[in-house]
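Visitor: Take this structure first; my questions come after.
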Amino acid sequence: KLKAWDVFNNSSEASLEFIVASEAGLALNNVLNYPNPFTTSTTFQFDHNKYGQFLQVQIQIFSVSGKLIKTINQEVVAAESHFTSVAWDGRDEYGDKLAKGVYVYKVRVKSSDGEKVEKFEKLVLLN
């Protein structure tokens, strides 16, 4: 957060969010779904360091035994550094409601320059 004054003592504030990564490559942090646990729908979100670039986002939901349940693909133009625009209704590829339980999901992000990064997390579905 930055606050500055002009010569007439008028002030203004601005905030900037950024991720400090150990390398210049694509970084993915704070991967989560909210709410978690959920009953009817949840939204996947994460932070990244490719603000304003084109991103390809893929979210895959798996059972705890490793069976692929659902794949969600989304392309994002001029991505904000905090990504929150993928919602899921708790249904599989065929539109059927899933049983309550713990599931694993993988978030895979590919930037416009070809860099890829992925992270695994878990979610809980309550019916």
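Going through the structure tokens in order, the chains are called A, B, and so on, while each chain numbers its residues from 1 and the ligands are numbered from 1 in the order shown.
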Which residues are close to range 57-72 of chain A, i.e. within 8 Å by only C-alpha atoms, leaving aside same-chain residues fewer than 5 positions away? Reply as a ChimeraX atom specification.
Guide: /A:91-93,102-110
Visitor: Take the residues just selected and output them with C-alpha atoms as a PDB file, in the first residue's frame.
Guide:
```pdb
ATOM      1  CA  ARG A  91     -21.442 -32.691 -10.784  1.00  0.00           C
ATOM      2  CA  ASP A  92     -19.421 -35.085 -12.936  1.00  0.00           C
ATOM      3  CA  GLU A  93     -18.877 -34.985 -16.719  1.00  0.00           C
ATOM      4  CA  VAL A 102     -13.307 -36.054  -0.112  1.00  0.00           C
ATOM      5  CA  TYR A 103     -12.031 -35.359  -3.619  1.00  0.00           C
ATOM      6  CA  VAL A 104      -8.662 -34.235  -4.970  1.00  0.00           C
ATOM      7  CA  TYR A 105      -8.302 -31.543  -7.602  1.00  0.00           C
ATOM      8  CA  LYS A 106      -5.439 -30.399  -9.779  1.00  0.00           C
ATOM      9  CA  VAL A 107      -5.098 -26.833 -11.010  1.00  0.00           C
ATOM     10  CA  ARG A 108      -2.931 -26.567 -14.117  1.00  0.00           C
ATOM     11  CA  VAL A 109      -2.077 -23.146 -15.537  1.00  0.00           C
ATOM     12  CA  LYS A 110      -0.291 -22.462 -18.819  1.00  0.00           C
TER      13      LYS A 110
END
```
Visitor: With only C-alpha atoms as the counted atoms, please give the residues lying no more than 10 Å from range 36-52 of chain A, apart from itself and same-chain residues fewer than 3 positions off, as number ranges by chain.
Guide: A: 17-21, 24-33, 55, 59, 76-91, 97, 100-102, 105, 107, 109, 111-112, 122-127
Visitor: Selected residues, N, CA and C atoms, written as a CSV table (one decimal), in the first residue's frame, please.
Guide:
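Listed below is the output, part_2.csv:
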```
chain,number,residue,atom,x,y,z
A,17,GLU,N,-0.9,-5.7,-5.6
A,17,GLU,CA,-0.7,-7.1,-5.2
A,17,GLU,C,0.3,-7.7,-6.1
A,18,PHE,N,1.2,-8.4,-5.5
A,18,PHE,CA,2.2,-9.1,-6.4
A,18,PHE,C,2.7,-10.4,-5.6
A,19,ILE,N,3.3,-11.3,-6.4
A,19,ILE,CA,3.9,-12.5,-5.8
A,19,ILE,C,5.4,-12.4,-6.0
A,20,VAL,N,6.2,-12.6,-5.0
A,20,VAL,CA,7.6,-12.7,-5.1
A,20,VAL,C,8.0,-14.2,-5.3
A,21,ALA,N,8.5,-14.5,-6.4
A,21,ALA,CA,8.9,-15.9,-6.7
A,21,ALA,C,10.4,-16.1,-6.7
A,24,ALA,N,11.9,-16.4,-12.2
A,24,ALA,CA,11.1,-15.6,-13.0
A,24,ALA,C,9.9,-16.3,-13.6
A,25,GLY,N,9.9,-17.6,-13.5
A,25,GLY,CA,8.8,-18.4,-14.1
A,25,GLY,C,7.5,-18.2,-13.5
A,26,LEU,N,6.5,-18.9,-14.1
A,26,LEU,CA,5.1,-18.9,-13.6
A,26,LEU,C,5.0,-19.4,-12.2
A,27,ALA,N,4.4,-18.6,-11.3
A,27,ALA,CA,4.2,-19.0,-9.9
A,27,ALA,C,2.8,-19.1,-9.6
A,28,LEU,N,2.4,-20.1,-8.8
A,28,LEU,CA,1.0,-20.4,-8.4
A,28,LEU,C,1.0,-20.5,-6.9
A,29,ASN,N,0.2,-19.6,-6.3
A,29,ASN,CA,0.1,-19.7,-4.8
A,29,ASN,C,-1.3,-19.6,-4.4
A,30,ASN,N,-1.5,-19.9,-3.1
A,30,ASN,CA,-2.9,-19.8,-2.5
A,30,ASN,C,-4.0,-20.5,-3.3
A,31,VAL,N,-3.7,-21.7,-3.7
A,31,VAL,CA,-4.7,-22.5,-4.5
A,31,VAL,C,-5.7,-23.0,-3.5
A,32,LEU,N,-7.0,-22.7,-3.7
A,32,LEU,CA,-8.0,-23.2,-2.8
A,32,LEU,C,-9.4,-23.1,-3.5
A,33,ASN,N,-10.3,-23.8,-2.9
A,33,ASN,CA,-11.7,-23.6,-3.4
A,33,ASN,C,-12.5,-23.1,-2.2
A,55,LEU,N,-4.0,-16.7,-20.0
A,55,LEU,CA,-3.7,-17.9,-19.3
A,55,LEU,C,-4.7,-19.0,-19.7
A,59,ILE,N,-8.8,-27.3,-14.5
A,59,ILE,CA,-9.1,-27.9,-13.2
A,59,ILE,C,-9.6,-29.3,-13.4
A,76,VAL,N,-8.3,-17.4,-20.1
A,76,VAL,CA,-8.5,-16.1,-19.4
A,76,VAL,C,-7.6,-15.1,-20.1
A,77,VAL,N,-8.2,-14.0,-20.6
A,77,VAL,CA,-7.4,-12.9,-21.3
A,77,VAL,C,-7.2,-11.8,-20.2
A,78,ALA,N,-6.0,-11.2,-20.2
A,78,ALA,CA,-5.7,-10.1,-19.3
A,78,ALA,C,-6.0,-10.5,-17.8
A,79,ALA,N,-5.4,-11.6,-17.4
A,79,ALA,CA,-5.7,-12.2,-16.1
A,79,ALA,C,-5.3,-11.3,-14.9
A,80,GLU,N,-6.2,-11.2,-13.9
A,80,GLU,CA,-5.9,-10.5,-12.7
A,80,GLU,C,-4.9,-11.4,-11.9
A,81,SER,N,-4.2,-10.8,-11.0
A,81,SER,CA,-3.2,-11.6,-10.2
A,81,SER,C,-3.9,-12.5,-9.2
A,82,HIS,N,-5.2,-12.2,-8.9
A,82,HIS,CA,-5.9,-13.1,-8.0
A,82,HIS,C,-7.1,-13.7,-8.9
A,83,PHE,N,-7.0,-14.9,-9.2
A,83,PHE,CA,-8.0,-15.6,-10.1
A,83,PHE,C,-9.1,-16.2,-9.3
A,84,THR,N,-10.4,-15.9,-9.6
A,84,THR,CA,-11.5,-16.5,-8.9
A,84,THR,C,-12.7,-16.8,-9.8
A,85,SER,N,-12.5,-17.1,-11.0
A,85,SER,CA,-13.6,-17.2,-11.9
A,85,SER,C,-14.0,-18.6,-12.4
A,86,VAL,N,-13.6,-19.6,-11.7
A,86,VAL,CA,-14.1,-21.0,-12.1
A,86,VAL,C,-14.9,-21.5,-11.0
A,87,ALA,N,-16.2,-21.7,-11.3
A,87,ALA,CA,-17.2,-22.3,-10.4
A,87,ALA,C,-17.5,-23.7,-10.8
A,88,TRP,N,-17.8,-24.5,-9.8
A,88,TRP,CA,-18.2,-25.9,-10.1
A,88,TRP,C,-19.4,-26.3,-9.2
A,89,ASP,N,-20.3,-27.0,-9.8
A,89,ASP,CA,-21.6,-27.3,-9.2
A,89,ASP,C,-21.6,-28.7,-8.5
A,90,GLY,N,-20.5,-29.4,-8.4
A,90,GLY,CA,-20.4,-30.7,-7.7
A,90,GLY,C,-20.9,-31.8,-8.6
A,91,ARG,N,-20.9,-31.6,-9.9
A,91,ARG,CA,-21.4,-32.7,-10.8
A,91,ARG,C,-20.3,-33.2,-11.6
A,97,LYS,N,-24.9,-35.8,-9.9
A,97,LYS,CA,-24.3,-35.3,-8.6
A,97,LYS,C,-23.4,-36.3,-8.0
A,100,LYS,N,-21.2,-37.6,-1.4
A,100,LYS,CA,-20.5,-36.8,-0.5
A,100,LYS,C,-19.2,-37.5,-0.2
A,101,GLY,N,-18.2,-36.7,0.1
A,101,GLY,CA,-16.8,-37.2,0.4
A,101,GLY,C,-15.7,-36.3,0.1
A,102,VAL,N,-14.5,-36.8,0.2
A,102,VAL,CA,-13.3,-36.1,-0.1
A,102,VAL,C,-12.9,-36.3,-1.5
A,105,TYR,N,-8.3,-32.3,-6.3
A,105,TYR,CA,-8.3,-31.5,-7.6
A,105,TYR,C,-6.9,-31.0,-7.9
A,107,VAL,N,-5.0,-28.1,-10.2
A,107,VAL,CA,-5.1,-26.8,-11.0
A,107,VAL,C,-3.9,-26.8,-11.9
A,109,VAL,N,-2.0,-24.4,-14.9
A,109,VAL,CA,-2.1,-23.1,-15.5
A,109,VAL,C,-0.9,-23.1,-16.6
A,111,SER,N,0.8,-20.3,-19.3
A,111,SER,CA,0.9,-18.9,-19.7
A,111,SER,C,1.1,-18.8,-21.2
A,112,SER,N,0.9,-17.6,-21.7
A,112,SER,CA,1.0,-17.4,-23.1
A,112,SER,C,2.4,-17.7,-23.7
A,122,LYS,N,-7.3,-30.6,-2.0
A,122,LYS,CA,-8.4,-31.4,-1.7
A,122,LYS,C,-9.7,-30.6,-1.4
A,123,LEU,N,-10.8,-31.2,-1.7
A,123,LEU,CA,-12.1,-30.5,-1.4
A,123,LEU,C,-13.0,-31.6,-0.7
A,124,VAL,N,-14.0,-31.0,0.0
A,124,VAL,CA,-15.0,-31.9,0.6
A,124,VAL,C,-16.4,-31.5,0.2
A,125,LEU,N,-17.1,-32.5,-0.3
A,125,LEU,CA,-18.5,-32.3,-0.8
A,125,LEU,C,-19.4,-32.9,0.3
A,126,LEU,N,-20.4,-32.0,0.7
A,126,LEU,CA,-21.4,-32.5,1.7
A,126,LEU,C,-22.7,-32.4,1.0
A,127,ASN,N,-23.4,-33.5,1.0
A,127,ASN,CA,-24.8,-33.6,0.4
A,127,ASN,C,-25.8,-33.8,1.4
```
Visitor: Can you list, as an MDAnalysis selection string, every residue of range 44-91 of chain A that DSSP puts in strand (DSSP E or B)?
Guide: chainID A and resid 44:48 55:63 68:76 82:88 91
Visitor: Report, in Å with one decimal, the straight-line distance from CA of Ser15 in chain A to CA of Gln56 in chain A.
Guide: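 Taking CA of Ser15 in chain A as the start and CA of Gln56 in chain A as the end point, the length is 26.5 Å.
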Visitor: Quote the spacing between CA of Asp96 in chain A and CA of Pro35 in chain A in Å to one decimal place.
Guide: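 Separation between CA of Asp96 in chain A and CA of Pro35 in chain A: 20.4 Å.
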